[in-house]
$ cat run-v4.csv   # CSV, C-alpha atoms
chain,number,residue,atom,x,y,z
A,8,MET,CA,115.1,159.7,-28.5
A,9,GLU,CA,112.6,158.4,-25.9
A,10,THR,CA,114.1,156.9,-22.7
A,11,PRO,CA,112.2,154.1,-20.9
A,12,ILE,CA,111.8,156.3,-17.8
A,13,THR,CA,110.0,159.0,-19.9
A,14,HIS,CA,107.9,156.4,-21.6
A,15,ASP,CA,106.8,154.9,-18.2
A,16,ALA,CA,106.0,158.3,-16.8
A,17,THR,CA,103.9,159.1,-19.9
A,18,ALA,CA,102.1,155.8,-19.8
A,19,ALA,CA,101.4,156.3,-16.1
A,20,ARG,CA,100.0,159.8,-16.7
A,21,ALA,CA,97.8,158.5,-19.6
A,22,HIS,CA,96.5,155.7,-17.4
A,23,ASP,CA,95.8,158.1,-14.5
A,24,HIS,CA,94.0,160.5,-17.0
A,25,ALA,CA,91.9,157.7,-18.4
A,26,LEU,CA,90.9,156.6,-14.8
A,27,ARG,CA,89.9,160.1,-13.9
A,28,ILE,CA,87.8,160.5,-17.1
A,29,TYR,CA,86.1,157.1,-16.4
A,30,ALA,CA,85.4,158.1,-12.7
A,31,VAL,CA,83.9,161.5,-13.5
A,32,SER,CA,81.8,160.0,-16.4
A,33,LEU,CA,80.4,157.4,-14.0
A,34,LEU,CA,79.4,159.8,-11.1
A,35,GLY,CA,76.2,161.1,-12.7
A,36,PRO,CA,75.0,157.8,-14.3
A,37,ALA,CA,75.8,155.9,-11.1
A,38,THR,CA,73.6,158.4,-9.1
A,39,VAL,CA,70.8,158.1,-11.7
A,40,ALA,CA,71.1,154.3,-11.5
A,41,GLY,CA,71.0,154.5,-7.7
A,42,GLY,CA,67.7,156.4,-7.8
A,43,LEU,CA,66.2,154.0,-10.3
A,44,ILE,CA,67.1,151.0,-8.3
A,45,TRP,CA,65.6,152.6,-5.2
A,46,ALA,CA,62.4,153.3,-7.1
A,47,ILE,CA,62.2,149.6,-8.2
A,48,LEU,CA,62.9,148.3,-4.7
A,49,GLN,CA,60.4,150.7,-3.0
A,50,PRO,CA,57.8,151.6,-5.7
A,51,TYR,CA,55.5,153.0,-3.0
A,52,ARG,CA,58.0,155.9,-2.5
A,53,VAL,CA,57.2,157.0,-6.1
A,54,THR,CA,53.7,158.4,-5.7
A,55,LEU,CA,53.5,159.3,-9.4
A,56,LEU,CA,53.0,155.6,-10.0
A,57,HIS,CA,49.7,155.7,-8.0
A,58,PRO,CA,48.8,159.4,-7.9
A,59,ARG,CA,45.1,159.0,-7.1
A,60,GLY,CA,44.2,160.3,-3.6
A,61,GLN,CA,47.7,161.7,-3.0
A,62,GLY,CA,48.2,165.2,-1.5
A,63,LEU,CA,50.2,167.9,-3.3
A,64,TRP,CA,53.4,167.4,-1.2
A,65,TRP,CA,53.4,163.6,-1.7
A,66,LEU,CA,53.4,164.2,-5.4
A,67,VAL,CA,56.2,166.8,-5.2
A,68,PHE,CA,58.6,165.1,-2.8
A,69,GLU,CA,59.6,161.8,-4.2
A,70,PRO,CA,63.1,160.9,-2.9
A,71,PRO,CA,64.1,158.3,-5.6
A,72,LEU,CA,63.1,160.8,-8.3
A,73,PHE,CA,65.1,163.5,-6.5
A,74,VAL,CA,68.2,161.2,-6.8
A,75,VAL,CA,67.6,160.6,-10.5
A,76,LEU,CA,67.1,164.3,-11.1
A,77,ILE,CA,70.2,165.3,-9.2
A,78,GLY,CA,72.3,162.6,-11.1
A,79,ALA,CA,70.9,163.9,-14.4
A,80,LEU,CA,71.5,167.6,-13.6
A,81,PHE,CA,75.0,166.8,-12.4
A,82,THR,CA,75.8,164.9,-15.6
A,83,VAL,CA,74.5,167.6,-18.0
A,84,PHE,CA,75.6,170.8,-16.2
A,85,VAL,CA,78.8,169.7,-14.3
A,86,ALA,CA,80.3,166.4,-15.5
A,87,ARG,CA,80.2,167.1,-19.2
A,88,PRO,CA,82.0,170.6,-19.0
A,89,VAL,CA,84.5,169.1,-16.5
A,90,LEU,CA,85.3,166.3,-18.9
A,91,ALA,CA,85.8,168.8,-21.7
A,92,ASP,CA,88.1,170.9,-19.5
A,93,LEU,CA,90.0,167.8,-18.4
A,94,GLU,CA,90.7,166.9,-22.1
A,95,GLN,CA,91.8,170.5,-22.7
A,96,ALA,CA,94.1,170.5,-19.8
A,97,ASP,CA,95.6,167.2,-20.8
A,98,ALA,CA,96.1,168.4,-24.4
A,99,ALA,CA,97.9,171.5,-23.1
A,100,THR,CA,100.3,169.4,-21.0
A,101,ARG,CA,101.2,167.0,-23.8
B,27,MET,CA,49.3,173.3,4.6
B,28,GLN,CA,52.9,172.4,5.2
B,29,PRO,CA,54.9,169.5,3.9
B,30,ARG,CA,56.0,166.9,6.5
B,31,ALA,CA,59.3,167.2,8.2
B,32,GLU,CA,60.6,164.1,6.4
B,33,MET,CA,59.9,165.8,3.1
B,34,ILE,CA,62.1,168.7,4.0
B,35,HIS,CA,64.9,166.3,5.0
B,36,TRP,CA,64.6,164.7,1.5
B,37,ALA,CA,64.8,168.0,-0.2
B,38,PHE,CA,67.9,169.0,1.8
B,39,GLY,CA,69.3,165.5,1.2
B,40,ALA,CA,68.9,166.0,-2.6
B,41,MET,CA,70.7,169.4,-2.5
B,42,ILE,CA,73.5,168.1,-0.3
B,43,LEU,CA,73.9,165.1,-2.7
B,44,PHE,CA,74.5,167.6,-5.5
B,45,VAL,CA,77.1,169.4,-3.3
B,46,GLY,CA,78.7,166.0,-2.5
B,47,LEU,CA,78.9,165.1,-6.2
B,48,CYS,CA,80.6,168.4,-7.0
B,49,LEU,CA,83.1,167.9,-4.2
B,50,LEU,CA,83.8,164.3,-5.4
B,51,CYS,CA,84.3,165.6,-9.0
B,52,GLU,CA,86.6,168.3,-7.8
B,53,ALA,CA,88.6,165.7,-5.8
B,54,LEU,CA,88.9,163.5,-8.9
B,55,VAL,CA,90.0,166.2,-11.4
B,56,GLY,CA,91.9,168.5,-9.1
B,57,GLN,CA,91.4,172.1,-8.3
B,58,GLU,CA,93.1,173.5,-11.4
B,59,VAL,CA,90.8,171.7,-13.8
B,60,TRP,CA,87.7,172.3,-11.6
B,61,ARG,CA,88.4,176.1,-11.6
B,62,MET,CA,89.0,176.3,-15.3
B,63,ARG,CA,85.5,177.8,-15.6
B,64,ARG,CA,85.1,180.6,-13.1
B,65,TRP,CA,81.4,179.8,-12.3
B,66,ARG,CA,82.4,176.3,-11.2
B,67,ALA,CA,84.7,177.6,-8.5
B,68,TYR,CA,81.6,179.3,-6.9
B,69,LEU,CA,79.2,176.5,-7.4
B,70,TRP,CA,79.4,174.4,-4.2
B,71,PRO,CA,80.3,177.2,-1.8
B,72,THR,CA,77.2,179.1,-3.2
B,73,LEU,CA,75.0,176.0,-2.7
B,74,ALA,CA,76.4,175.5,0.9
B,75,PHE,CA,75.6,179.2,1.7
B,76,SER,CA,72.2,178.9,0.2
B,77,LEU,CA,71.5,175.7,2.2
B,78,GLY,CA,72.3,177.8,5.3
B,79,VAL,CA,69.9,180.5,4.3
B,80,LEU,CA,67.2,177.9,3.6
B,81,LEU,CA,67.6,176.5,7.1
B,82,TRP,CA,66.2,179.7,8.6
B,83,PRO,CA,62.6,179.1,7.3
B,84,VAL,CA,63.0,175.5,8.3
B,85,MET,CA,63.9,176.8,11.8
B,86,ALA,CA,60.9,179.2,11.8
B,87,PHE,CA,58.2,176.8,10.4
B,88,PHE,CA,59.3,173.3,11.3
B,89,THR,CA,60.6,173.3,14.8
B,90,ASN,CA,58.3,172.3,17.6
B,91,SER,CA,60.5,172.9,20.6
B,92,ALA,CA,63.2,175.3,21.7
B,93,ILE,CA,66.0,172.6,21.4
B,94,HIS,CA,64.9,171.9,17.8
B,95,MET,CA,65.0,175.7,17.1
B,96,TYR,CA,68.5,176.1,18.5
B,97,ALA,CA,69.7,173.1,16.5
B,98,HIS,CA,68.3,174.3,13.2
B,99,GLY,CA,69.4,177.8,13.9
B,100,SER,CA,73.0,176.8,14.7
B,101,TRP,CA,73.1,174.7,11.4
B,102,ALA,CA,71.9,177.8,9.5
B,103,GLU,CA,74.6,180.0,11.1
B,104,VAL,CA,77.6,177.6,10.7
B,105,LEU,CA,76.6,176.7,7.1
B,106,MET,CA,76.3,180.3,6.1
B,107,LEU,CA,79.6,181.1,7.8
B,108,ALA,CA,81.5,178.2,6.2
B,109,GLY,CA,79.8,178.7,2.8
B,110,GLY,CA,80.4,182.5,2.9
B,111,ALA,CA,84.1,182.1,4.0
B,112,GLU,CA,84.6,179.6,1.1
B,113,LEU,CA,83.1,182.1,-1.3
B,114,ALA,CA,85.3,184.9,-0.1
B,115,LEU,CA,88.4,182.6,-0.3
B,116,VAL,CA,87.5,181.7,-3.9
B,117,ARG,CA,86.9,185.4,-4.8
B,118,GLY,CA,90.1,186.5,-3.1
B,119,ARG,CA,88.4,188.7,-0.5
B,120,LEU,CA,89.9,186.5,2.2
B,121,THR,CA,93.4,185.1,1.9
B,122,SER,CA,94.2,183.3,5.1
B,123,PRO,CA,93.6,179.5,4.7
B,124,LEU,CA,92.7,179.5,8.4
B,125,TRP,CA,89.2,180.6,7.3
B,126,ARG,CA,88.7,177.0,6.1
B,127,LEU,CA,88.6,176.2,9.9
B,128,THR,CA,84.9,177.3,9.5
B,129,TRP,CA,84.2,173.8,7.9
B,130,PRO,CA,85.4,171.7,10.8
B,131,LEU,CA,83.6,174.1,13.1
B,132,ALA,CA,80.4,173.6,11.0
B,133,PHE,CA,80.8,169.8,11.1
B,134,VAL,CA,81.3,169.7,14.9
B,135,THR,CA,78.5,172.1,15.5
B,136,ALA,CA,76.1,170.2,13.2
B,137,GLY,CA,77.1,166.9,14.8
B,138,THR,CA,76.7,168.2,18.3
B,139,ALA,CA,73.3,169.8,17.5
B,140,PHE,CA,72.1,166.4,16.0
B,141,LEU,CA,73.2,164.5,19.1
B,142,VAL,CA,71.9,167.0,21.6
B,143,HIS,CA,68.5,167.6,20.0
B,144,GLU,CA,67.7,163.9,19.6
B,145,GLN,CA,66.1,163.0,22.9
B,146,ASN,CA,65.2,159.4,22.1
B,147,PRO,CA,67.6,156.3,22.1
B,148,TRP,CA,69.0,154.9,18.9
B,149,PHE,CA,66.3,152.2,18.2
B,150,PHE,CA,63.3,154.4,19.2
B,151,ALA,CA,62.5,154.9,15.5
B,152,ARG,CA,64.3,155.4,12.2
B,153,SER,CA,64.5,159.2,12.6
B,154,ALA,CA,66.1,158.8,16.1
B,155,PHE,CA,68.6,156.3,14.7
B,156,LEU,CA,69.5,158.6,11.8
B,157,HIS,CA,69.9,161.6,14.1
B,158,HIS,CA,72.4,159.7,16.2
B,159,LEU,CA,74.2,158.4,13.1
B,160,LEU,CA,74.3,161.8,11.4
B,161,GLY,CA,75.6,163.4,14.6
B,162,TRP,CA,78.5,160.9,15.1
B,163,THR,CA,79.2,161.0,11.3
B,164,PHE,CA,79.5,164.8,11.4
B,165,VAL,CA,81.7,164.8,14.5
B,166,ALA,CA,84.0,162.0,13.1
B,167,ALA,CA,84.1,163.5,9.5
B,168,ALA,CA,85.3,166.9,10.9
B,169,ILE,CA,88.8,165.4,10.7
B,170,PHE,CA,88.7,165.7,6.8
B,171,PRO,CA,88.0,169.5,6.6
B,172,LEU,CA,90.4,170.0,9.6
B,173,ALA,CA,93.2,168.2,7.9
B,174,LEU,CA,92.5,170.0,4.6
B,175,VAL,CA,93.3,173.4,6.2
B,176,TRP,CA,97.0,172.3,6.4
B,177,ARG,CA,97.0,169.9,3.3
B,178,PRO,CA,94.5,171.6,0.9
B,179,ARG,CA,95.8,169.7,-2.2
B,180,SER,CA,95.5,166.2,-0.8
B,181,SER,CA,93.1,164.3,-3.1
B,182,VAL,CA,92.6,161.6,-0.4
B,183,LEU,CA,91.4,164.2,2.1
B,184,ARG,CA,89.2,165.9,-0.5
B,185,GLY,CA,87.8,162.6,-1.5
B,186,GLY,CA,87.1,161.7,2.1
B,187,PHE,CA,85.3,165.1,2.7
B,188,ALA,CA,83.2,164.5,-0.4
B,189,VAL,CA,82.3,160.9,0.5
B,190,MET,CA,81.2,162.1,4.0
B,191,VAL,CA,78.9,164.8,2.4
B,192,VAL,CA,77.4,162.2,0.1
B,193,ALA,CA,76.9,159.9,3.1
B,194,VAL,CA,75.1,162.7,5.0
B,195,ALA,CA,72.8,163.2,1.9
B,196,VAL,CA,72.0,159.4,1.8
B,197,MET,CA,71.1,159.4,5.5
B,198,LEU,CA,68.8,162.4,5.0
B,199,LEU,CA,67.1,160.8,2.0
B,200,CYS,CA,66.5,157.6,4.2
B,201,ASP,CA,64.8,159.6,6.9
B,202,ARG,CA,61.1,159.0,7.8
B,203,ASP,CA,58.9,160.7,10.4
B,204,VAL,CA,57.7,157.4,11.9
B,205,ALA,CA,59.2,154.2,10.6
B,206,PRO,CA,61.0,151.1,12.1
B,207,ILE,CA,64.8,150.8,12.1
B,208,PHE,CA,66.0,147.2,11.8
B,209,GLY,CA,62.6,146.0,12.9
B,210,HIS,CA,62.6,148.2,16.0
B,211,LEU,CA,59.9,150.9,16.5
B,212,SER,CA,58.9,152.1,19.9
B,213,ALA,CA,55.2,152.1,20.7
B,214,LEU,CA,55.6,155.7,21.9
B,215,ALA,CA,56.7,156.8,18.4
B,216,GLY,CA,53.2,156.5,16.9
B,217,ALA,CA,51.7,154.6,14.0
B,218,PRO,CA,54.1,154.2,11.0
B,219,HIS,CA,52.7,155.5,7.7
B,220,ARG,CA,53.5,154.2,4.2
$ encode --input "run-v4.csv" --output "structure tokens"
Amino acid sequence: METPITHDATAARAHDHALRIYAVSLLGPATVAGGLIWAILQPYRVTLLHPRGQGLWWLVFEPPLFVVLIGALFTVFVARPVLADLEQADAATR
Amino acid sequence: MQPRAEMIHWAFGAMILFVGLCLLCEALVGQEVWRMRRWRAYLWPTLAFSLGVLLWPVMAFFTNSAIHMYAHGSWAEVLMLAGGAELALVRGRLTSPLWRLTWPLAFVTAGTAFLVHEQNPWFFARSAFLHHLLGWTFVAAAIFPLALVWRPRSSVLRGGFAVMVVAVAVMLLCDRDVAPIFGHLSALAGAPHR
């Protein structure tokens, strides 16, 4: 028999779990989006768009692309495994 | 041929952004889930320690005065100390949570070094503004790692710590060698580029 209190606690936990998954899933894409928006707002910061006459360092160091890269690396190598572990931990507590 | 100082700030900003995202993720999912894979427990402490190591060549090759050298050297020391202590705590070589006091020490030292080594006023140029802002941010943000020593499981404190690290990364990514700040640029700062 399921009491209302147990039901509420389970629902609250499920809601909290969904929120955490949503937040972790958003971290990387939000960072990538931030970098892309920055590149659109300040295209002169992305020297790959106009590489002629640029020195080596100006072609290597492109802050908006750094942000995009960090967001992508974080999504692939950190966020995805964390989401899998979060699912696993939740399944174990059910 | 060396890259400009602003480029080094961007590179460090990018690495610190990654550390901040890891901290934010850890704050969201909790330490138990974060440490389910052993390598992940070592991830951001290793990056913090590595950033400290990388600050030594910055100190050697990119400082043009004694005060800049002391500032970058002190950042290198405190980051290596805090990152190393965190690694040892994760590994179990250190057990006292008081070793986490190395983080507020690192923040206060970093903030003081930023404030002391910036000789120009806030609106001299963007770099001067960001140095002052970074300095005060570090000093104020030291409250988060300090409180975490006594309340290590507080997700609010962990989140605050992570957001502060991300904010520091954003400020570093916004840095320019010579650029105006809110329309202000001292004539003594030189000609802005790009």
$ interface_residues --input "run-v4.csv" --of "chain A" --to "chain B" --cutoff "10 Å" --atoms "all atoms listed in the file" --output "PyMOL selection string"
chain A and resi 24+26-28+30-32+34-35+38+51-52+62-65+67-78+80-82+85-86+88-97
$ atom_distance --input "run-v4.csv" --atom1 "atom CA of Trp82 of chain B" --atom2 "atom CA of Gly46 of chain B"
21.6 Å
$ residues_around --input "run-v4.csv" --residues "Ala102 of chain B" --least-positions-apart "4" --cutoff "7 Å" --atoms "only C-alpha atoms" --output "ChimeraX atom specification"
/B:78-79,81-82,98,106
$ atom_distance --input "run-v4.csv" --atom1 "atom CA of Trp45 of chain A" --atom2 "atom CA of His157 of chain B"
21.7 Å
$ closest_residue --input "run-v4.csv" --among "B:Phe187, B:Gly99, B:Leu115, B:Ser91" --to "Phe133 of chain B" --atoms "all atoms listed in the file"
B:Phe187
$ atom_distance --input "run-v4.csv" --atom1 "atom CA of Pro36 of chain A" --atom2 "atom CA of Val182 of chain B"
22.7 Å
$ residues_around --input "run-v4.csv" --residues "Thr138 of chain B" --least-positions-apart "3" --cutoff "8 Å" --atoms "all atoms listed in the file" --output "short mmCIF file (atom, residue, chain, number, x, y, z; two decimals) with C-alpha atoms, in the frame of the given file"
data_model
loop_
_atom_site.label_atom_id
_atom_site.label_comp_id
_atom_site.auth_asym_id
_atom_site.auth_seq_id
_atom_site.Cartn_x
_atom_site.Cartn_y
_atom_site.Cartn_z
CA VAL B 134 81.30 169.70 14.90
CA THR B 135 78.50 172.10 15.50
CA LEU B 141 73.20 164.50 19.10
CA VAL B 142 71.90 167.00 21.60
CA GLY B 161 75.60 163.40 14.60
CA VAL B 165 81.70 164.80 14.50
#
$ closest_residue --input "run-v4.csv" --among "B:Arg184, B:Thr89, B:Tyr96, B:Leu107" --to "Ser76 of chain B" --atoms "only C-alpha atoms"
B:Leu107
$ closest_residue --input "run-v4.csv" --among "B:Ala111, B:Val191, B:Met85, B:Ala151" --to "Phe170 of chain B" --atoms "all atoms listed in the file"
B:Val191
$ closest_residue --input "run-v4.csv" --among "B:Leu127, B:Leu113, B:Ala166, B:Leu156" --to "Phe208 of chain B" --atoms "only C-alpha atoms"
B:Leu156
$ residues_around --input "run-v4.csv" --residues "Ser153 of chain B" --least-positions-apart "6" --cutoff "8 Å" --atoms "all atoms listed in the file" --output "list in words"
Asp201, Arg202, Asp203, Val204 and Ala205 of chain B
$ closest_residue --input "run-v4.csv" --among "B:Leu131, B:Leu120, B:Leu183, B:Val175" --to "Trp101 of chain B" --atoms "all atoms listed in the file"
B:Leu131
$ closest_residue --input "run-v4.csv" --among "A:Ala79, A:Ala25, A:Val53, A:Arg87" --to "Val39 of chain A" --atoms "all atoms listed in the file"
A:Ala79
